[in-house]
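One file, input20.cif, carrying mmCIF, C-alpha atoms and all ligand atoms:
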data_data
#
loop_
_atom_site.label_atom_id
_atom_site.label_comp_id
_atom_site.auth_asym_id
_atom_site.auth_seq_id
_atom_site.Cartn_x
_atom_site.Cartn_y
_atom_site.Cartn_z
CA MET Z 1 -13.77 -22.23 37.42
CA VAL Z 2 -12.92 -25.89 37.34
CA THR Z 3 -11.66 -27.15 34.03
CA ARG Z 4 -13.33 -30.33 32.89
CA GLY Z 5 -10.69 -33.01 32.67
CA PHE Z 6 -8.78 -31.77 35.70
CA THR Z 7 -11.68 -32.58 38.04
CA GLY Z 8 -10.92 -36.29 38.40
CA ARG Z 9 -7.67 -37.34 40.05
CA GLY Z 10 -4.92 -36.57 37.59
CA ARG Z 11 -6.83 -37.24 34.41
CA PRO Z 12 -5.40 -35.83 31.22
CA PRO Z 13 -7.48 -32.94 29.80
CA GLY Z 14 -10.27 -34.14 27.53
CA SER Z 15 -10.18 -37.67 28.92
CA ASP Z 16 -13.81 -37.61 30.16
CA GLU Z 17 -15.01 -37.58 26.56
CA ARG Z 18 -12.91 -40.66 25.90
CA ILE Z 19 -14.41 -42.79 28.69
CA PRO Z 20 -17.50 -44.74 27.56
CA PRO Z 21 -20.61 -44.90 29.80
CA GLY Z 22 -20.19 -47.04 32.92
CA GLN Z 23 -16.38 -47.11 32.63
CA HIS Z 24 -13.70 -45.67 34.91
CA LEU Z 25 -10.06 -44.88 34.24
CA VAL Z 26 -7.19 -47.01 35.54
CA GLY Z 27 -3.47 -46.32 35.52
CA ASP Z 28 -2.31 -49.90 35.94
CA PHE Z 29 -2.92 -52.67 33.41
CA PRO Z 30 -5.12 -55.41 34.94
CA VAL Z 31 -4.67 -59.00 33.75
CA LEU Z 32 -7.87 -60.92 32.97
CA SER Z 33 -7.67 -64.48 31.69
CA ALA Z 34 -10.23 -67.28 31.75
CA GLY Z 35 -7.52 -69.85 32.49
CA PRO Z 36 -3.77 -70.22 33.05
CA THR Z 37 -1.29 -68.38 30.83
CA PRO Z 38 -0.10 -70.66 28.02
CA HIS Z 39 3.61 -70.38 27.34
CA VAL Z 40 4.18 -70.59 23.62
CA ALA Z 41 7.80 -70.95 22.51
CA PRO Z 42 8.68 -69.17 19.23
CA ASP Z 43 9.44 -72.48 17.47
CA ARG Z 44 5.94 -73.74 18.31
CA TRP Z 45 4.23 -70.47 17.40
CA SER Z 46 2.36 -69.98 14.14
CA PHE Z 47 -0.45 -67.82 12.86
CA THR Z 48 -2.94 -69.39 10.44
CA LEU Z 49 -5.64 -67.86 8.27
CA LYS Z 50 -8.56 -70.19 7.55
CA VAL Z 51 -11.61 -69.92 5.34
CA GLY Z 52 -14.14 -72.11 7.08
CA PRO Z 53 -12.27 -75.32 7.93
CA LYS Z 54 -9.62 -74.77 5.24
CA PRO Z 55 -6.19 -73.29 6.16
CA VAL Z 56 -5.19 -70.85 3.42
CA LYS Z 57 -1.97 -69.32 4.81
CA SER Z 58 0.30 -69.88 7.79
CA TRP Z 59 3.31 -67.94 9.11
CA SER Z 60 6.08 -69.03 11.46
CA TRP Z 61 7.23 -66.63 14.20
CA ALA Z 62 10.14 -65.43 12.00
CA GLU Z 63 7.92 -65.04 8.92
CA PHE Z 64 5.26 -63.19 10.86
CA ASN Z 65 7.81 -60.80 12.37
CA ALA Z 66 9.05 -60.01 8.85
CA LEU Z 67 5.60 -58.61 7.90
CA PRO Z 68 5.22 -54.80 7.95
CA GLN Z 69 5.03 -53.50 11.54
CA THR Z 70 2.88 -50.57 12.63
CA ALA Z 71 2.79 -48.51 15.84
CA PHE Z 72 -0.75 -48.19 17.23
CA LYS Z 73 -1.78 -45.90 20.14
CA ARG Z 74 -5.34 -46.46 21.35
CA ASP Z 75 -7.70 -46.34 24.35
CA ILE Z 76 -8.91 -49.74 25.61
CA HIS Z 77 -12.11 -50.62 27.47
CA CYS Z 78 -12.73 -53.79 29.49
CA VAL Z 79 -16.28 -54.99 30.12
CA THR Z 80 -15.42 -55.28 33.85
CA SER Z 81 -15.52 -51.42 33.70
CA TRP Z 82 -11.91 -50.28 33.48
CA SER Z 83 -10.63 -48.15 30.65
CA LYS Z 84 -7.02 -47.23 29.91
CA LEU Z 85 -6.04 -44.33 27.66
CA ASP Z 86 -3.24 -44.03 25.10
CA THR Z 87 -1.94 -47.60 25.31
CA GLU Z 88 0.97 -48.07 22.89
CA TRP Z 89 1.33 -51.18 20.78
CA GLU Z 90 3.27 -52.39 17.78
CA GLY Z 91 2.40 -55.25 15.51
CA VAL Z 92 1.02 -56.29 12.16
CA MET Z 93 -2.21 -54.67 10.97
CA ILE Z 94 -4.90 -57.14 9.86
CA ASP Z 95 -4.84 -55.25 6.53
CA ASP Z 96 -1.19 -56.22 6.09
CA ILE Z 97 -1.86 -59.85 7.07
CA LEU Z 98 -4.59 -60.15 4.43
CA ALA Z 99 -2.40 -58.40 1.85
CA ALA Z 100 0.50 -60.78 2.57
CA ALA Z 101 -1.89 -63.69 2.01
CA SER Z 102 -3.35 -62.02 -1.13
CA LEU Z 103 -6.72 -62.67 0.46
CA ALA Z 104 -9.75 -60.44 0.01
CA PRO Z 105 -12.22 -61.09 2.88
CA PRO Z 106 -14.27 -64.07 1.63
CA THR Z 107 -17.03 -63.70 4.27
CA ASP Z 108 -18.30 -60.95 6.61
CA PHE Z 109 -17.40 -62.69 9.89
CA THR Z 110 -14.36 -64.06 11.66
CA LEU Z 111 -13.46 -66.07 14.74
CA ALA Z 112 -10.10 -65.44 16.38
CA HIS Z 113 -8.52 -68.60 17.84
CA THR Z 114 -5.83 -68.85 20.50
CA PHE Z 115 -3.31 -71.17 22.14
CA ASP Z 116 -5.44 -71.44 25.31
CA GLY Z 117 -8.57 -72.62 23.51
CA TYR Z 118 -10.29 -69.23 23.81
CA SER Z 119 -12.10 -67.73 20.84
CA THR Z 120 -14.01 -64.58 20.00
CA ASN Z 121 -16.05 -63.44 17.00
CA VAL Z 122 -15.43 -60.12 15.23
CA PRO Z 123 -16.96 -58.92 11.96
CA ILE Z 124 -14.21 -58.48 9.36
CA LYS Z 125 -15.21 -54.82 8.85
CA ASP Z 126 -14.04 -54.22 12.46
CA LEU Z 127 -10.61 -55.67 11.74
CA ILE Z 128 -9.69 -53.91 8.46
CA ASP Z 129 -9.07 -50.33 7.31
CA GLY Z 130 -6.61 -49.63 10.12
CA LYS Z 131 -8.88 -50.73 12.96
CA ALA Z 132 -7.09 -53.78 14.36
CA MET Z 133 -3.76 -55.59 14.54
CA VAL Z 134 -1.97 -58.63 15.83
CA ALA Z 135 0.12 -56.93 18.52
CA LEU Z 136 3.66 -58.17 19.21
CA ARG Z 137 4.89 -55.36 21.46
CA TYR Z 138 3.49 -53.23 24.28
CA ASN Z 139 5.12 -50.04 25.59
CA GLY Z 140 8.19 -50.64 23.45
CA GLU Z 141 8.83 -54.15 24.75
CA ALA Z 142 7.93 -57.70 23.77
CA LEU Z 143 4.33 -58.34 24.79
CA PRO Z 144 4.38 -59.95 28.29
CA ALA Z 145 2.95 -63.48 28.46
CA ASP Z 146 0.15 -62.54 30.88
CA HIS Z 147 -1.06 -59.84 28.44
CA GLY Z 148 -1.09 -62.32 25.54
CA GLY Z 149 2.52 -62.62 24.42
CA PRO Z 150 3.98 -63.62 22.06
CA ALA Z 151 1.04 -62.12 20.11
CA ARG Z 152 -2.52 -60.98 20.69
CA LEU Z 153 -5.34 -59.63 18.61
CA LEU Z 154 -6.00 -55.95 19.37
CA VAL Z 155 -9.44 -54.53 18.48
CA PRO Z 156 -9.45 -51.43 20.68
CA HIS Z 157 -12.82 -49.98 19.62
CA LEU Z 158 -14.66 -53.05 20.98
CA TYR Z 159 -14.67 -54.30 24.59
CA PHE Z 160 -11.32 -55.86 25.43
CA TRP Z 161 -12.56 -59.48 25.52
CA LYS Z 162 -12.53 -59.23 21.70
CA SER Z 163 -8.75 -58.69 21.84
CA ALA Z 164 -7.84 -62.37 21.97
CA LYS Z 165 -4.57 -63.05 23.81
CA TRP Z 166 -2.11 -65.76 22.59
CA VAL Z 167 -3.76 -65.56 19.18
CA SER Z 168 -3.02 -68.46 16.84
CA GLY Z 169 -5.16 -67.56 13.87
CA LEU Z 170 -8.15 -65.99 12.25
CA GLN Z 171 -10.94 -68.01 10.67
CA PHE Z 172 -13.46 -66.61 8.22
CA THR Z 173 -16.94 -67.94 8.96
CA ASP Z 174 -20.11 -67.79 6.89
CA ARG Z 175 -22.20 -66.69 9.86
CA ASP Z 176 -21.53 -64.66 12.99
CA THR Z 177 -20.49 -67.51 15.31
CA ALA Z 178 -20.30 -66.98 19.09
CA GLY Z 179 -16.88 -67.40 20.73
CA PHE Z 180 -15.92 -68.25 24.33
CA TRP Z 181 -17.55 -65.35 26.20
CA GLU Z 182 -20.26 -64.78 23.61
CA LEU Z 183 -21.46 -68.36 24.30
CA ARG Z 184 -21.53 -67.43 28.02
CA GLY Z 185 -23.81 -64.39 27.80
CA TYR Z 186 -21.56 -61.62 26.50
CA HIS Z 187 -22.75 -59.47 23.62
CA MET Z 188 -22.08 -60.69 20.07
CA TYR Z 189 -20.61 -57.30 19.03
CA GLY Z 190 -19.46 -55.47 22.20
CA ASP Z 191 -19.43 -51.75 21.38
CA PRO Z 192 -18.38 -49.90 24.60
CA TRP Z 193 -20.04 -46.65 23.45
CA ARG Z 194 -23.40 -48.45 23.24
CA GLU Z 195 -22.69 -50.45 26.44
CA GLN Z 196 -23.14 -53.76 24.64
CA ARG Z 197 -21.88 -55.81 27.59
CA TYR Z 198 -24.30 -58.74 27.70
CA ASP Z 199 -26.53 -60.45 25.16
CA THR Z 200 -29.51 -58.65 26.76
CA ASP Z 201 -28.01 -55.16 26.12
N1 LIG Z 301 -6.85 -66.14 24.82
C1 LIG Z 301 -7.51 -65.35 25.67
N2 LIG Z 301 -7.71 -64.08 25.31
C2 LIG Z 301 -8.38 -63.24 26.14
C3 LIG Z 301 -8.89 -63.69 27.36
C4 LIG Z 301 -8.66 -65.04 27.71
O1 LIG Z 301 -9.08 -65.54 28.79
N3 LIG Z 301 -7.97 -65.84 26.84
N4 LIG Z 301 -9.59 -62.81 28.16
C5 LIG Z 301 -10.20 -61.65 27.49
C6 LIG Z 301 -10.71 -60.66 28.40
S1 LIG Z 301 -12.21 -60.95 29.12
C7 LIG Z 301 -10.08 -59.45 28.57
S2 LIG Z 301 -10.77 -58.21 29.49
C8 LIG Z 301 -8.74 -59.20 28.00
C9 LIG Z 301 -7.77 -58.88 29.11
O2 LIG Z 301 -6.51 -58.59 28.59
P1 LIG Z 301 -5.35 -58.24 29.60
O3 LIG Z 301 -5.17 -59.41 30.54
O4 LIG Z 301 -4.15 -57.96 28.77
O5 LIG Z 301 -5.80 -57.00 30.36
O6 LIG Z 301 -8.25 -60.30 27.29
C10 LIG Z 301 -9.21 -60.99 26.54
N5 LIG Z 301 -8.55 -61.96 25.74
MO MO Z 302 -12.82 -58.79 30.08
#
Have the structure of the file written as structure tokens, please.
Ligand SMILES: Nc1nc2c(c(=O)[nH]1)N[C@H]1C(S)=C(S)[C@@H](COP(=O)(O)O)O[C@H]1N2
Ligand SMILES: [Mo]
Amino acid sequence: MVTRGFTGRGRPPGSDERIPPGQHLVGDFPVLSAGPTPHVAPDRWSFTLKVGPKPVKSWSWAEFNALPQTAFKRDIHCVTSWSKLDTEWEGVMIDDILAAASLAPPTDFTLAHTFDGYSTNVPIKDLIDGKAMVALRYNGEALPADHGGPARLLVPHLYFWKSAKWVSGLQFTDRDTAGFWELRGYHMYGDPWREQRYDTD
């Protein structure tokens, strides 16, 4: 008898059920960026919440690091077909960011903005109730620059392009507004379990 989960090369038991359709497991951590890595010094770093065009709250690096920090262990799935299990992050949950700003979500949609001019749209319901964070640490260390350090959005239940690296803020929008890849043919929502890779899926 061959036990499911030990059939693939060195997969942890039960991992097959955790790999969405069309994905395969990787052990390394590929880097995928649309452009060069921006290097953001702590004294230039800030995170800003906006409602439409209006900034409503901004944190410096020191202020942001003083917000409650949470450890977060999740599987991640890239649209280029790799998945990685049990990745370990620490950072500030979106719930805690909104609480610190005393802001109840004013609209249903958001756009994440970044220091490299990238953007991606995520419905606010996919960011709250323990689903997403602004990650500051990976594997117990400061988040490396090529993986989005100093800070990246982490929305692990959606394809990884939604996890905006070098995040600089979150903007509430009235309508679901396409970001960088969504304008270039990627799906507006990006659920890996429904294989929502492209706008035709
Ligand atoms: N700011 C920014 N965030 C980004 C990207 C980018 O080019 N710029 N690429 C996205 C894509 S397509 C993927 S798959 C993941 C890759 O993250 P990684 O390099 O840490 O694996 O980052 C996402 N976030
Ligand atoms: Mo990606």
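With distances restricted to all atoms listed in the file, Z:Ser33 is the closest residue to ligand MO 302 (chain Z) from Z:Thr70, Z:Ser33, Z:Ser119, Z:Thr110.
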Exercise. Trp166 in chain Z: which residues within 6 Å, counting all atoms listed in the file, same-chain residues fewer than 2 positions away excluded, as a PyMOL selection string?
Worked result: chain Z and resi 114-115+148-149+151-152
Problem set entry | Residues within 10 Å of Gly35 in chain Z, all atoms listed in the file, excluding chain neighbours under 4 positions, as a ChimeraX atom specification | /Z:116-118
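The residue that comes closest to His147 in chain Z, out of Z:Thr37, Z:Thr107, Z:Gln23, Z:Thr177 and on the basis of all atoms listed in the file, is Z:Thr37.
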Exercise. Closest to Pro192 in chain Z among Z:Pro30, Z:Ile124, Z:Leu136, Z:Lys162, using only C-alpha atoms?
Worked result: Z:Lys162
Selection: 7 Å around range 79-88 of chain Z, all atoms listed in the file, excl. self and same-chain fewer than 2 positions, as a tab-separated table (two decimals) with C-alpha atoms, in the coordinates of the input:
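The resulting selection-v4.tsv:
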chain	number	residue	atom	x	y	z
Z	19	ILE	CA	-14.41	-42.79	28.69
Z	22	GLY	CA	-20.19	-47.04	32.92
Z	23	GLN	CA	-16.38	-47.11	32.63
Z	24	HIS	CA	-13.70	-45.67	34.91
Z	25	LEU	CA	-10.06	-44.88	34.24
Z	26	VAL	CA	-7.19	-47.01	35.54
Z	27	GLY	CA	-3.47	-46.32	35.52
Z	72	PHE	CA	-0.75	-48.19	17.23
Z	73	LYS	CA	-1.78	-45.90	20.14
Z	74	ARG	CA	-5.34	-46.46	21.35
Z	75	ASP	CA	-7.70	-46.34	24.35
Z	76	ILE	CA	-8.91	-49.74	25.61
Z	77	HIS	CA	-12.11	-50.62	27.47
Z	138	TYR	CA	3.49	-53.23	24.28
Z	139	ASN	CA	5.12	-50.04	25.59
Z	159	TYR	CA	-14.67	-54.30	24.59
Z	160	PHE	CA	-11.32	-55.86	25.43
Z	197	ARG	CA	-21.88	-55.81	27.59
Seminar exercise, completed: For Lys125 in chain Z, the closest of Z:Thr48, Z:Ala164, Z:Asp95, Z:Leu183 counting all atoms listed in the file is Z:Asp95
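Nearest-residue note for Ala104 in chain Z: choosing from Z:Ala62, Z:Asn121, Z:Gln69, Z:Leu49, the minimum distance belongs to Z:Leu49, counting only C-alpha atoms.
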Problem set entry | Closest of Z:Val122, Z:Pro144, Z:Val134, Z:Ala99 to Gly179 in chain Z - atom-to-atom distances counting only C-alpha atoms | Z:Val122
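Taking CA of Ala142 in chain Z and CA of Asn65 in chain Z as the two end points, the separation is 11.8 Å.
Atom pair CA of Ser46 in chain Z / CA of Pro123 in chain Z has a distance of 22.4 Å (rounded to one decimal).
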For this session: Name all residues at most 12 Å from Met93 in chain Z (count all atoms listed in the file; drop same-chain ones fewer than 3 positions away) and give them as JSON, numbers by chain.
Result: {"Z": [64, 65, 67, 68, 69, 70, 71, 72, 89, 90, 96, 97, 98, 99, 100, 126, 127, 128, 129, 130, 131, 132, 133, 134, 135, 136, 152, 153, 154, 155]}
For this session: Between CA of Leu103 in chain Z and CA of Val51 in chain Z, measure the distance and give it in Å to one decimal.
Result: 10.0 Å
Output, as lines of an AutoDock Vina configuration file, the centre and edge lengths in Å (one decimal) of the axis-aligned box that contains all listed atoms of ligand LIG 301 (chain Z) with 5 Å of margin on each side.
center_x = -8.2
center_y = -61.6
center_z = 27.7
size_x = 18.1
size_y = 19.1
size_z = 15.7
For this session: Name all residues at most 8 Å from Pro21 in chain Z (count all atoms listed in the file; drop same-chain ones fewer than 5 positions away) and give them as a list in words.
Result: Pro192, Trp193, Arg194 and Glu195 of chain Z
